[in-house]
Structures are given as C-alpha cells and as structure tokens.
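Note: the block below is query34.tsv and it holds TSV, C-alpha atoms.
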chain	number	residue	atom	x	y	z
A	1	MET	CA	0.00	0.00	0.00
A	2	ASN	CA	2.91	2.36	0.69
A	3	THR	CA	3.42	4.18	-2.60
A	4	ASN	CA	6.58	6.04	-1.57
A	5	THR	CA	9.68	4.08	-0.57
A	6	ASP	CA	12.01	7.08	-0.13
A	7	PHE	CA	11.54	7.16	3.65
A	8	ILE	CA	11.09	4.91	6.65
A	9	LEU	CA	7.90	5.09	8.69
A	10	GLU	CA	8.36	6.21	12.27
A	11	HIS	CA	7.69	3.40	14.75
A	12	PRO	CA	5.60	3.93	17.87
A	13	PRO	CA	7.73	4.94	20.88
A	14	ILE	CA	6.91	1.85	22.95
A	15	ASN	CA	8.99	-1.23	23.72
A	16	ILE	CA	7.90	-3.88	21.19
A	17	LYS	CA	9.49	-7.34	21.27
A	18	ASN	CA	7.92	-8.72	18.09
A	19	ASN	CA	9.05	-7.43	14.72
A	20	CYS	CA	6.08	-5.49	13.39
A	21	SER	CA	5.92	-3.51	10.17
A	22	PHE	CA	3.38	-0.75	9.55
A	23	ASP	CA	4.24	-0.34	5.85
A	24	LYS	CA	1.10	-2.15	4.70
A	25	LEU	CA	-1.09	0.14	6.81
A	26	TYR	CA	0.35	3.34	5.33
A	27	ASN	CA	-0.86	4.99	2.13
A	28	ILE	CA	0.29	8.48	1.21
A	29	ASP	CA	-3.09	9.24	-0.38
A	30	SER	CA	-5.17	8.44	2.71
A	31	CYS	CA	-2.81	9.10	5.62
A	32	ASN	CA	-4.64	12.31	6.60
A	33	VAL	CA	-7.85	10.38	7.32
A	34	SER	CA	-6.77	6.80	8.07
A	35	VAL	CA	-6.20	6.07	11.74
A	36	ILE	CA	-3.94	3.16	12.69
A	37	TRP	CA	-4.73	1.09	15.77
A	38	ILE	CA	-2.74	-1.56	17.58
A	39	ILE	CA	-3.52	-3.84	20.48
A	40	TYR	CA	-0.44	-4.00	22.70
A	41	ASP	CA	0.10	-6.54	25.48
A	42	LYS	CA	1.91	-4.41	28.05
A	43	ARG	CA	3.05	-7.41	30.11
A	44	LYS	CA	4.51	-9.41	27.19
A	45	LYS	CA	5.46	-6.27	25.21
A	46	LEU	CA	3.93	-7.67	22.01
A	47	ILE	CA	1.65	-6.24	19.38
A	48	ILE	CA	-1.30	-8.63	19.36
A	49	ASN	CA	-3.29	-7.11	16.49
A	50	LYS	CA	-3.33	-4.03	14.28
A	51	GLY	CA	-5.49	-2.37	11.68
A	52	LEU	CA	-6.99	0.80	10.22
A	53	SER	CA	-10.16	2.76	10.58
A	54	ARG	CA	-12.22	2.19	7.47
A	55	PRO	CA	-14.95	3.86	5.42
A	56	CYS	CA	-18.29	2.07	5.14
A	57	GLY	CA	-19.60	3.46	1.87
A	58	PHE	CA	-22.94	4.91	0.88
A	59	ASN	CA	-25.30	2.08	1.85
A	60	HIS	CA	-24.50	2.06	5.55
A	61	ARG	CA	-25.94	3.87	8.53
A	62	LYS	CA	-22.46	5.02	9.55
A	63	ILE	CA	-19.89	6.70	7.33
A	64	SER	CA	-16.92	4.90	8.89
A	65	ILE	CA	-15.79	2.46	11.54
A	66	HIS	CA	-13.32	4.21	13.82
A	67	ALA	CA	-10.04	2.69	14.96
A	68	GLU	CA	-11.15	2.75	18.59
A	69	GLN	CA	-14.32	0.84	17.73
A	70	LYS	CA	-12.38	-1.93	15.99
A	71	ALA	CA	-9.80	-2.13	18.77
A	72	ILE	CA	-12.35	-2.19	21.61
A	73	GLU	CA	-14.31	-4.87	19.75
A	74	TYR	CA	-11.15	-7.00	19.52
A	75	CYS	CA	-10.25	-6.47	23.19
A	76	ARG	CA	-13.74	-7.31	24.41
A	77	SER	CA	-13.81	-10.56	22.43
A	78	ASN	CA	-10.35	-11.58	23.71
A	79	ASN	CA	-10.83	-10.37	27.31
A	80	SER	CA	-7.34	-9.46	28.52
A	81	ARG	CA	-6.57	-6.88	31.20
A	82	ASN	CA	-3.04	-6.50	29.88
A	83	TYR	CA	-4.08	-5.02	26.53
A	84	GLU	CA	-3.63	-1.36	25.70
A	85	ILE	CA	-4.94	0.35	22.58
A	86	TYR	CA	-2.81	2.82	20.65
A	87	ILE	CA	-4.12	5.05	17.86
A	88	TRP	CA	-2.33	7.49	15.57
A	89	ARG	CA	-2.05	8.83	12.05
A	90	TYR	CA	0.98	9.15	9.84
A	91	SER	CA	1.98	12.35	8.10
A	92	LYS	CA	2.78	12.25	4.40
A	93	ALA	CA	6.46	12.11	5.41
A	94	GLY	CA	5.85	9.00	7.57
A	95	ASP	CA	6.01	10.72	10.96
A	96	ILE	CA	3.56	9.81	13.74
A	97	LYS	CA	0.80	12.35	14.37
A	98	HIS	CA	-1.35	12.24	17.50
A	99	LYS	CA	-5.02	11.27	17.21
A	100	TYR	CA	-7.51	11.93	19.98
A	101	SER	CA	-10.77	10.03	20.27
A	102	CYS	CA	-13.91	11.75	18.99
A	103	THR	CA	-17.03	12.27	21.08
A	104	ALA	CA	-18.63	8.95	20.06
A	105	CYS	CA	-15.46	6.91	20.68
A	106	THR	CA	-14.92	8.61	24.03
A	107	LYS	CA	-18.45	7.57	25.07
A	108	LEU	CA	-17.77	4.02	23.83
A	109	ALA	CA	-14.50	3.83	25.77
A	110	LYS	CA	-16.20	5.04	28.95
A	111	LYS	CA	-19.10	2.62	28.48
A	112	TYR	CA	-16.75	-0.39	28.38
A	113	ASN	CA	-14.20	0.98	30.90
A	114	TYR	CA	-11.41	1.49	28.36
A	115	SER	CA	-10.82	5.19	29.14
A	116	ASN	CA	-7.49	4.44	30.83
A	117	ARG	CA	-6.32	2.02	28.13
A	118	ILE	CA	-6.53	4.07	24.90
A	119	PHE	CA	-3.42	6.07	24.03
A	120	THR	CA	-1.87	8.13	21.28
A	121	PHE	CA	1.62	9.58	20.81
A	122	GLU	CA	2.56	13.23	21.07
A	123	ASN	CA	6.12	14.56	20.80
A	124	GLY	CA	7.50	11.03	21.04
A	125	CYS	CA	5.61	10.20	24.25
A	126	LYS	CA	2.60	8.08	25.11
A	127	CYS	CA	-0.45	10.09	26.23
A	128	SER	CA	-4.15	9.45	26.72
A	129	ALA	CA	-6.29	9.58	23.58
A	130	ILE	CA	-9.34	10.29	25.75
A	131	ILE	CA	-9.55	14.02	26.44
A	132	GLU	CA	-12.04	16.43	27.94
A	133	ASN	CA	-14.23	18.08	25.32
A	134	PRO	CA	-13.35	15.62	22.54
A	135	PRO	CA	-13.61	16.81	18.95
A	136	LEU	CA	-16.55	16.01	16.73
A	137	SER	CA	-15.87	13.16	14.32
A	138	LEU	CA	-14.61	14.26	10.89
A	139	CYS	CA	-17.65	12.69	9.19
A	140	TYR	CA	-19.99	14.93	11.19
A	141	GLN	CA	-17.87	17.98	10.41
A	142	ILE	CA	-18.20	17.16	6.71
A	143	LYS	CA	-22.00	16.67	6.97
A	144	ASP	CA	-22.48	20.10	8.57
Rendering of file as structure tokens:
Amino acid sequence: MNTNTDFILEHPPINIKNNCSFDKLYNIDSCNVSVIWIIYDKRKKLIINKGLSRPCGFNHRKISIHAEQKAIEYCRSNNSRNYEIYIWRYSKAGDIKHKYSCTACTKLAKKYNYSNRIFTFENGCKCSAIIENPPLSLCYQIKD
C-alpha cells in the first residue's frame, strides 16, 4: 500500500518485542484520514493485532468504523486486562501524528471501561487519547 519508498515510517515509541511492520497500513493518499490502531500486550510487550479505521460506503448507517471501535471490539472478544490500545495517524512524510478520540469513541471507551487504556503519541511520548471536550468526528464535520 505504501506508494513512496524514499523514507522509513516512524515506529511507535513503545517497547515492542515482536518485529512489526506498519508499511502495509500506510498509504500516502489516505494518511490524513486513516487512523492506525494496535492492540499491545503491556506485560509481554507484544503487538497482538493491528489495523486501520475504514470507510463504510454509501449504503451504511455510519460513514466509517473508527479505529477505537475496531480495537475495543477486539479487546472485548479476547478479554485481557493486559491489553492497551494505541491510535495514531501518519503524516505524508511518515512521521507519527497524535489522534484523539472523537465524542462517540470517548463515550464508547467510557461505556466499556477502556478510558485508561486508549493512548496516542505526542512529541514522542505516550499520552491518553481520551480528552475532555473531545472533537466532533470528521464525518460529522463534513455533513455540517
């Protein structure tokens, strides 16, 4: 999927024991809207699963499935207290950009008690992706 091989994608600033590439999750044409998510086992220091937010198309009730939704769904079906969720975007140059949860994902995280387990990266450090006064989802900004 990566259409530009002139640079190396920045890796998340966490200790990861397994060799994990994010090249297949990066696309220079969609990096401003695609959100990457990983499920990280903090005890074993392994990435358990990874993926992207995705659009749903015209014939669906929702415009997209957010990264947090996919990650929480995975965590709930695999029931581990050691899992943390990380979300971020890449810049066109392959650098990590922070991504905070939208209003709907913040409510979802609180509903399932994941508020303290969803993180993003800012200035090379791990920080909570759940913030006070979360932004409106991009799809709702476009609709208005």
Can you measure atom CA of Ser64 of chain A to atom CA of Cys102 of chain A for me? One decimal in Å is fine.
12.6 Å
Using only C-alpha atoms, find each residue in segment 108-141 of chain A having at least one atom no more than 12 Å away from segment 77-80 of chain A; report its shortest atom-to-atom pair and that distance in Å (one decimal), rows by chain then rising number, as a tab-separated table.
residue	atom	partner	partner_atom	distance
A:Tyr112	CA	A:Asn79	CA	11.7
A:Tyr114	CA	A:Ser80	CA	11.7
A:Arg117	CA	A:Ser80	CA	11.5
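Considering the residues A:Ile8, A:Ala109, A:Ala129, A:Ile96 and counting only C-alpha atoms, Asn32 of chain A has its shortest atom-to-atom contact with A:Ile96.
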Could you please give me, as a list of chain:residue names, the residues of protein, DNA or RNA lying at most 7 Å from (-3.0, -5.9, 14.8) in the coordinate frame of the file, considering only C-alpha atoms?
A:Ile38, A:Ile39, A:Ile47, A:Ile48, A:Asn49, A:Lys50, A:Gly51
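The smallest atom-to-atom distance between Gln69 of chain A and any of A:Thr106, A:Tyr90, A:Lys45, A:Ser34, using all atoms listed in the file, is found for A:Thr106.
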